[in-house]
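Asker: Sending over a structure as structure tokens; questions will come in a sec.
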Amino acid sequence: MKTGARAPNAAPPAERWHRIARAQAMERLGSDAERGLDSSEALARLGRHGPNELDVAPSRSPWLMLAGQFTDFMILVLLAAAVVAGVVGEPQDSIAIVVIVVLNAVIGFAQEYRAERTMAALRRLATPHVHVLRDGHPVEIASPDLVPGDIVLLEAGNLVPADLRLIESAQLRIQESALTGESQAIEKQVRRIEAGDAALGDRTNMAYKGTIVVHGRGRGVVAATGMATELGRVAELLRSASEGQTPLQRRLAQFGRRLALGALAICAIVFAAGLLRGEAPAIMFLTAVSLAVAAIPEALPAVVTVALALGAGKMASRNALVRRLPAVESLGSVTVICTDKTGTLTQNRMRVEAAWAAGGRHAIGSAWPAGEPWLRLATALALSNDASIADDGAEQGDPTETALLAHAREAGFDKTELERRHPRTHEVPFDSERKRMTTVHRHDERVVAITKGAPESVIRRCDFIAMPEGEVPIDADFVVAEAERLAAEGLRVLAVASRHWEAWPESASPDQSERGLVLLGLVGLADPPREEAKSAVGECLAAGIRPVMITGDHPVTARAIARRLGILGECEAVMEGTKLAKMDADERVSCAARTAVYARVSPEQKIRIVEALQARGEIVAMTGDGVNDAPALKQADVGIAMGLSGTDVAREASALVLMDDNFATIVAAVREGRRIYDNIRKFIRYAVTGNLGEIWTIFLAPFLGMPIPLLPIHILWINLATDGLPGLALAFEPAERELMRRPPRPPDESVFARGLWQHMAWVGLLMGGVCIATQAWALADGNAHGQTMVFTVLALSQLGHVLAIRSERDSLFALGLGSNRALSLAVAATLALQLAVIYVPALNGIFHTQPLGATELALCLALSSVVFFAVEAEKAMARRGWIYRERPAGA
């Protein structure tokens with residue numbers, strides 16, 4: 001019977017596992033330290049114990065979402081108004097109001113449901129994974145799939161996924177401050193602990209869910225999962241906590257409350273003025289209620305949630321996983337991106353960039369030179385190499401070794417064939433003191449020793465240098481100078497030499513055997529920049545965002561890569577970690593203003609750099625992948641973790657995870673963040689301006705001696721038709737042409753800045769004025785269709801407005817109607833619906849409209865186009881810099 005398939009015996013209470021010996025714990029949990037659980041048994045236990053998750057507030061079901069659309073106060077008021085309309089003898093109005101409320105609820109439900117599904121998908125993407133033993137093999141599974149009895153493999157950087165009884169510990173230290181408040185990491189061991197009342201911090205043979213492995217490695221058997229863990233005991237706090245609003249949502253909610261108070265005051269005035277004019281109280285009540293519903297932008301915070309969620313979903317499709325929704329908003333304000341070099345700006349793959357032999361340099365990309373000593377050098381690169389070739393033909397092993405092997409293969413030298421002819425017989429491994437390694441191979445009746453390593457270690461041991469004409473005495477100073485020139489280009493330089501022996505002196509020390517060598521040549525390697533990194537850096541600089549490289553690599557290497565990418569100018573210096581450590585806070589702030597590259601920096605210094613930049617008013621995005629990067633990621637305005645190379649801890653501390661570890665993805669996320677914020681502003685511009693147009697139209701008419709120009713059904717229809725489809729379609733608006741050529745948005749900037757509040761005020765007043773003018777003309781002319789004309793002008797004015805505000809600066813004629821097909825279709829559909837309301841006889845009775853003649857319709861189109869052309873004129877003035885000048889971040 002397989003041990004891994006046994007069902008667990010009666011387990012002790014969660015707090016007693018530390019008192020049980022390893023073997024006893026394994027037996028009670030029905031597991032095997034070498035095999036783990038069988039897959040079938042693990043599946044059965046998952047069914048019994050449930051997923052390894054803490055209980056949190058469940059997401060709302062679709063039915064609750066739909067019902068929630070009818071619980072808003074203003075919707076309830078509107079339904080009450082429908083009842084009043086039915087009682088006073090206006091059943092068609094009552095039915096129309098109910099239909100409009102239902103349609104509005106369907107649109108709201110569709111938005112919320114889509115946003116909820118997007119966020120659920122993002123949460124699934126963000127699910128942590130753990131390494132366990134299953135069926136005798138290490139496998140990676142999702143953390144929720146852990147069950148009691150699983151054997152979990154731990155290493156530095158992991159989050160402990162469940163409560164574990166440790167069965168193996170190799171210098172394992174775990175940070176348990178999340179549970180105990182103790183800041184010092186706890187040294188772990190595997191022996192049982194006698195004290196039954198030992199505090200959590202004293203149970204050194206346990207690892208608890210939610211704590212962090214900061215050093216060493218270990219194994220543990222899962223003793224408790226989900227709500228049965230120690231962290232589950234405080235899960236009620238998590239259950240009751242809800243994700244807070246983003247700063248933008250809070251500002252819009254506050255604005256909405258202020259606008260609501262103003263709108264309600266205006267509605268009261270309109271109601272009173274109508275009664276004084278002798279209007280029917282029921283009609284005035286319905287008018288006031290309808291105006292309040294149309295004017296109060298209660299949906300603004302919800303629109304922000306939808307826009308941010310959909311934007312986060314789009315980012316995920318581009319390898320940027322948003323873990324915290326406010327990060328989408330914050331990306332638009334980023335002024336500095338602090339990024340690691342290796343793997344983010346570079347390919348994280350070593351490559352031979354240069355080779356030197358016989359006094360000449362080989363340009364990589366051209367054919368490998370024929371003749372000596374180039375043939376001997378390439379043979380040495382293939383033979384003195386510990387990398388291997390996988391089944392798929394790719395090189396595998398140490399990055400430096402794989403780079404040398406790949407280069408030898410490109411030059412036409414097959415390692416397998418060479419090893420068959422010249423098998424390895426001995427080797428002297430690399431060590432950090434000698435800084436070189438040697439392999440010995442059979443060569444005819446003799447042996448050849450190939451030595452490679454640091455130039456300063458190998459060159460001084462060479463008596464000769466290989467040349468086309470043979471071996472000649474070496475000019476060591478000349479070769480060292482050449483190695484230094486290669487190093488100054490940011491290359492890691494290796495010297496390669498050889499020596500023939502009749503027989504290998506096995507009794508000789510490395511110092512004795514690695515002498516009298518013949519230098520074959522020098523090889524320069526580098527981790528080359530990603531192809532897309534240079535253009536991404538250029539895009540950053542054009543957008544007013546300063547890229548800052550922070551690396552633990554050598555200053556010369558950092559300088560070379562930074563210059564190739566355009567991060568560092570020719571005259572700019574690299575700041576080394578040793579110098580940074582000697583600076584006080586003020587000096588670090590001053591240094592941050594002029595430093596683009598930090599080298600030999602420890603993870604602990606990253607947080608100091610972030611703090612210095614923030615002290616200058618910068619909005620900082622910071623990348624990180626290690627355990628020690630977590631504080632800097634938390635401190636940064638936008639923490640960005642590496643999805644491929646990063647640790648669990650870094651990902652948990654971050655707001656954004658790069659699924660491809662690519663700097664260009666950060667820039668793409670910034671671009672998307674700016675686009676989303678722009679589109680939120682466009683929706684606010686559109687919705688609030690339209691609401692103000694409706695308010696002015698109804699508010700001004702009585703004071704100018706005219707009757708109320710619109711019926712309640714007209715107001716509600718405009719609120720549904722024009723705010724509905726066109727407003728939603730604004731979320732699909734592409735990025736502005738100059739989006740990444742303008743400075744970052746200041747973080748304290750109001751969403752109504754850069755001319756937004758002025759636009760809403762004057763365009764709303766203009767919209768109302770055009771409608772009042774239409775009514776005045778109809779009254780003066782004795783036109784019986786005046787109310788329908790005002791209704792049509794107001795609806796068409798809002799459609800013209802939404803087309804005009806697609807860009808804050810560029811003309812619609814430059815953008816074209818095809819660049820946002822969703823909006824063009826929405827406008828066309830809304831226009832068709834408006835014409836149907838006017839010309840379909842069955843709808844005339846419901847909406848109290850009359851068919852317009854060709855002249856009347858043409859006049860409506862002409863009057864409504866005033867708003868469109870006025871906004872186009874406003875944008876023309878903005879393009880010339882006459883109005884709405886931008887304030888750069890930090891100003």
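Identifiers in the structure tokens: chain A, B, ... in order shown; residue index from 1 per chain; ligand index from 1 in order shown.
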Which residues are close to Met206 in chain A, i.e. within 8 Å by only C-alpha atoms, leaving aside same-chain residues fewer than 3 positions away? Reply as a list in words.

Answerer: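 Near Met206 in chain A, the qualifying residues are Trp17, His18, Asp163, Leu164, Arg165, Leu166, Lys188 and Arg203 of chain A.
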
Asker: Determine which residues of range 277-411 of chain A receive a DSSP assignment of alpha helix (DSSP H), computed from the backbone, and state them as a ChimeraX atom specification.

Answerer: /A:281-295,300-317,326-330,374-383,399-410

Asker: One decimal, Å: what's the distance from CA of Ile174 in chain A over to CA of Ala653 in chain A, could you say?

Answerer: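 The value is 16.6 Å.
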
Asker: Which residues are near Cys860 in chain A? Cut-off 9 Å, only C-alpha atoms, ignore same chain within fewer than 6 positions. Put them as JSON, numbers by chain.

Answerer: {"A": [774, 789, 790, 792, 793, 796]}

Asker: Measure the distance from CA of Val667 in chain A to CA of Arg117 in chain A in Å and round it to one decimal.

Answerer: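 Taking CA of Val667 in chain A and CA of Arg117 in chain A, their separation equals 26.0 Å.
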
Asker: Go through A:Val670, A:Leu179, A:Leu43, A:Ala357 one by one, measure the shortest atom-to-atom distance of each to Val518 in chain A using only C-alpha atoms, and give the residue with the smallest value.

Answerer: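 Closest candidate: A:Ala357.
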
Asker: Quick one: of A:Val160, A:Ala42, A:Ala185, A:Ala669, who's nearest to Gly210 in chain A, counting only C-alpha atoms?

Answerer: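 Checking each of A:Val160, A:Ala42, A:Ala185, A:Ala669 against Gly210 in chain A, counting only C-alpha atoms, the winner is A:Val160.
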
Asker: Please, which residues of range 347-398 of chain A, numbered as in this document, come out strand (DSSP E) from DSSP, as a list in words?

Answerer: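 Selecting the strand (DSSP E) positions of range 347-398 of chain A gives Arg351, Val352, Glu353, Ala354, Ala355, Trp356, Ala357, Gly360, Arg361, His362, Ala363, Ser388, Ile389, Glu395 and Gln396 of chain A.
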
Asker: How would the residues just chosen look if you wrote them out with N, CA and C atoms as an mmCIF file, in the first residue's frame?

Answerer:
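Result file is selection_27.cif:
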```cif
data_model
loop_
_atom_site.group_PDB
_atom_site.id
_atom_site.type_symbol
_atom_site.label_atom_id
_atom_site.label_comp_id
_atom_site.auth_asym_id
_atom_site.auth_seq_id
_atom_site.Cartn_x
_atom_site.Cartn_y
_atom_site.Cartn_z
ATOM 1 N N ARG A 351 25.740 36.832 -24.166
ATOM 2 C CA ARG A 351 26.040 36.619 -25.573
ATOM 3 C C ARG A 351 27.443 37.135 -25.848
ATOM 4 N N VAL A 352 28.182 36.423 -26.690
ATOM 5 C CA VAL A 352 29.515 36.892 -27.083
ATOM 6 C C VAL A 352 29.339 38.108 -27.976
ATOM 7 N N GLU A 353 29.933 39.222 -27.569
ATOM 8 C CA GLU A 353 29.806 40.472 -28.312
ATOM 9 C C GLU A 353 31.073 40.813 -29.092
ATOM 10 N N ALA A 354 32.219 40.288 -28.667
ATOM 11 C CA ALA A 354 33.480 40.600 -29.344
ATOM 12 C C ALA A 354 34.483 39.482 -29.089
ATOM 13 N N ALA A 355 35.385 39.287 -30.038
ATOM 14 C CA ALA A 355 36.481 38.331 -29.873
ATOM 15 C C ALA A 355 37.754 38.968 -30.425
ATOM 16 N N TRP A 356 38.875 38.680 -29.758
ATOM 17 C CA TRP A 356 40.168 39.256 -30.167
ATOM 18 C C TRP A 356 41.210 38.145 -30.178
ATOM 19 N N ALA A 357 41.986 38.105 -31.237
ATOM 20 C CA ALA A 357 43.077 37.123 -31.343
ATOM 21 C C ALA A 357 44.071 37.619 -32.385
ATOM 22 N N GLY A 360 44.032 41.109 -33.810
ATOM 23 C CA GLY A 360 42.880 41.595 -34.565
ATOM 24 C C GLY A 360 41.578 41.312 -33.851
ATOM 25 N N ARG A 361 40.559 42.112 -34.145
ATOM 26 C CA ARG A 361 39.255 41.987 -33.489
ATOM 27 C C ARG A 361 38.241 41.447 -34.477
ATOM 28 N N HIS A 362 37.437 40.500 -34.021
ATOM 29 C CA HIS A 362 36.399 39.909 -34.853
ATOM 30 C C HIS A 362 35.077 40.597 -34.575
ATOM 31 N N ALA A 363 34.453 41.098 -35.627
ATOM 32 C CA ALA A 363 33.146 41.742 -35.493
ATOM 33 C C ALA A 363 32.067 40.681 -35.481
ATOM 34 N N SER A 388 25.586 22.098 -21.839
ATOM 35 C CA SER A 388 25.176 20.944 -22.637
ATOM 36 C C SER A 388 24.093 21.372 -23.612
ATOM 37 N N ILE A 389 23.744 20.452 -24.487
ATOM 38 C CA ILE A 389 22.730 20.749 -25.503
ATOM 39 C C ILE A 389 21.494 19.912 -25.195
ATOM 40 N N GLU A 395 21.065 25.441 -25.881
ATOM 41 C CA GLU A 395 22.125 25.282 -24.889
ATOM 42 C C GLU A 395 21.528 25.440 -23.493
ATOM 43 N N GLN A 396 22.044 24.661 -22.550
ATOM 44 C CA GLN A 396 21.577 24.774 -21.175
ATOM 45 C C GLN A 396 22.757 24.678 -20.229
#
```
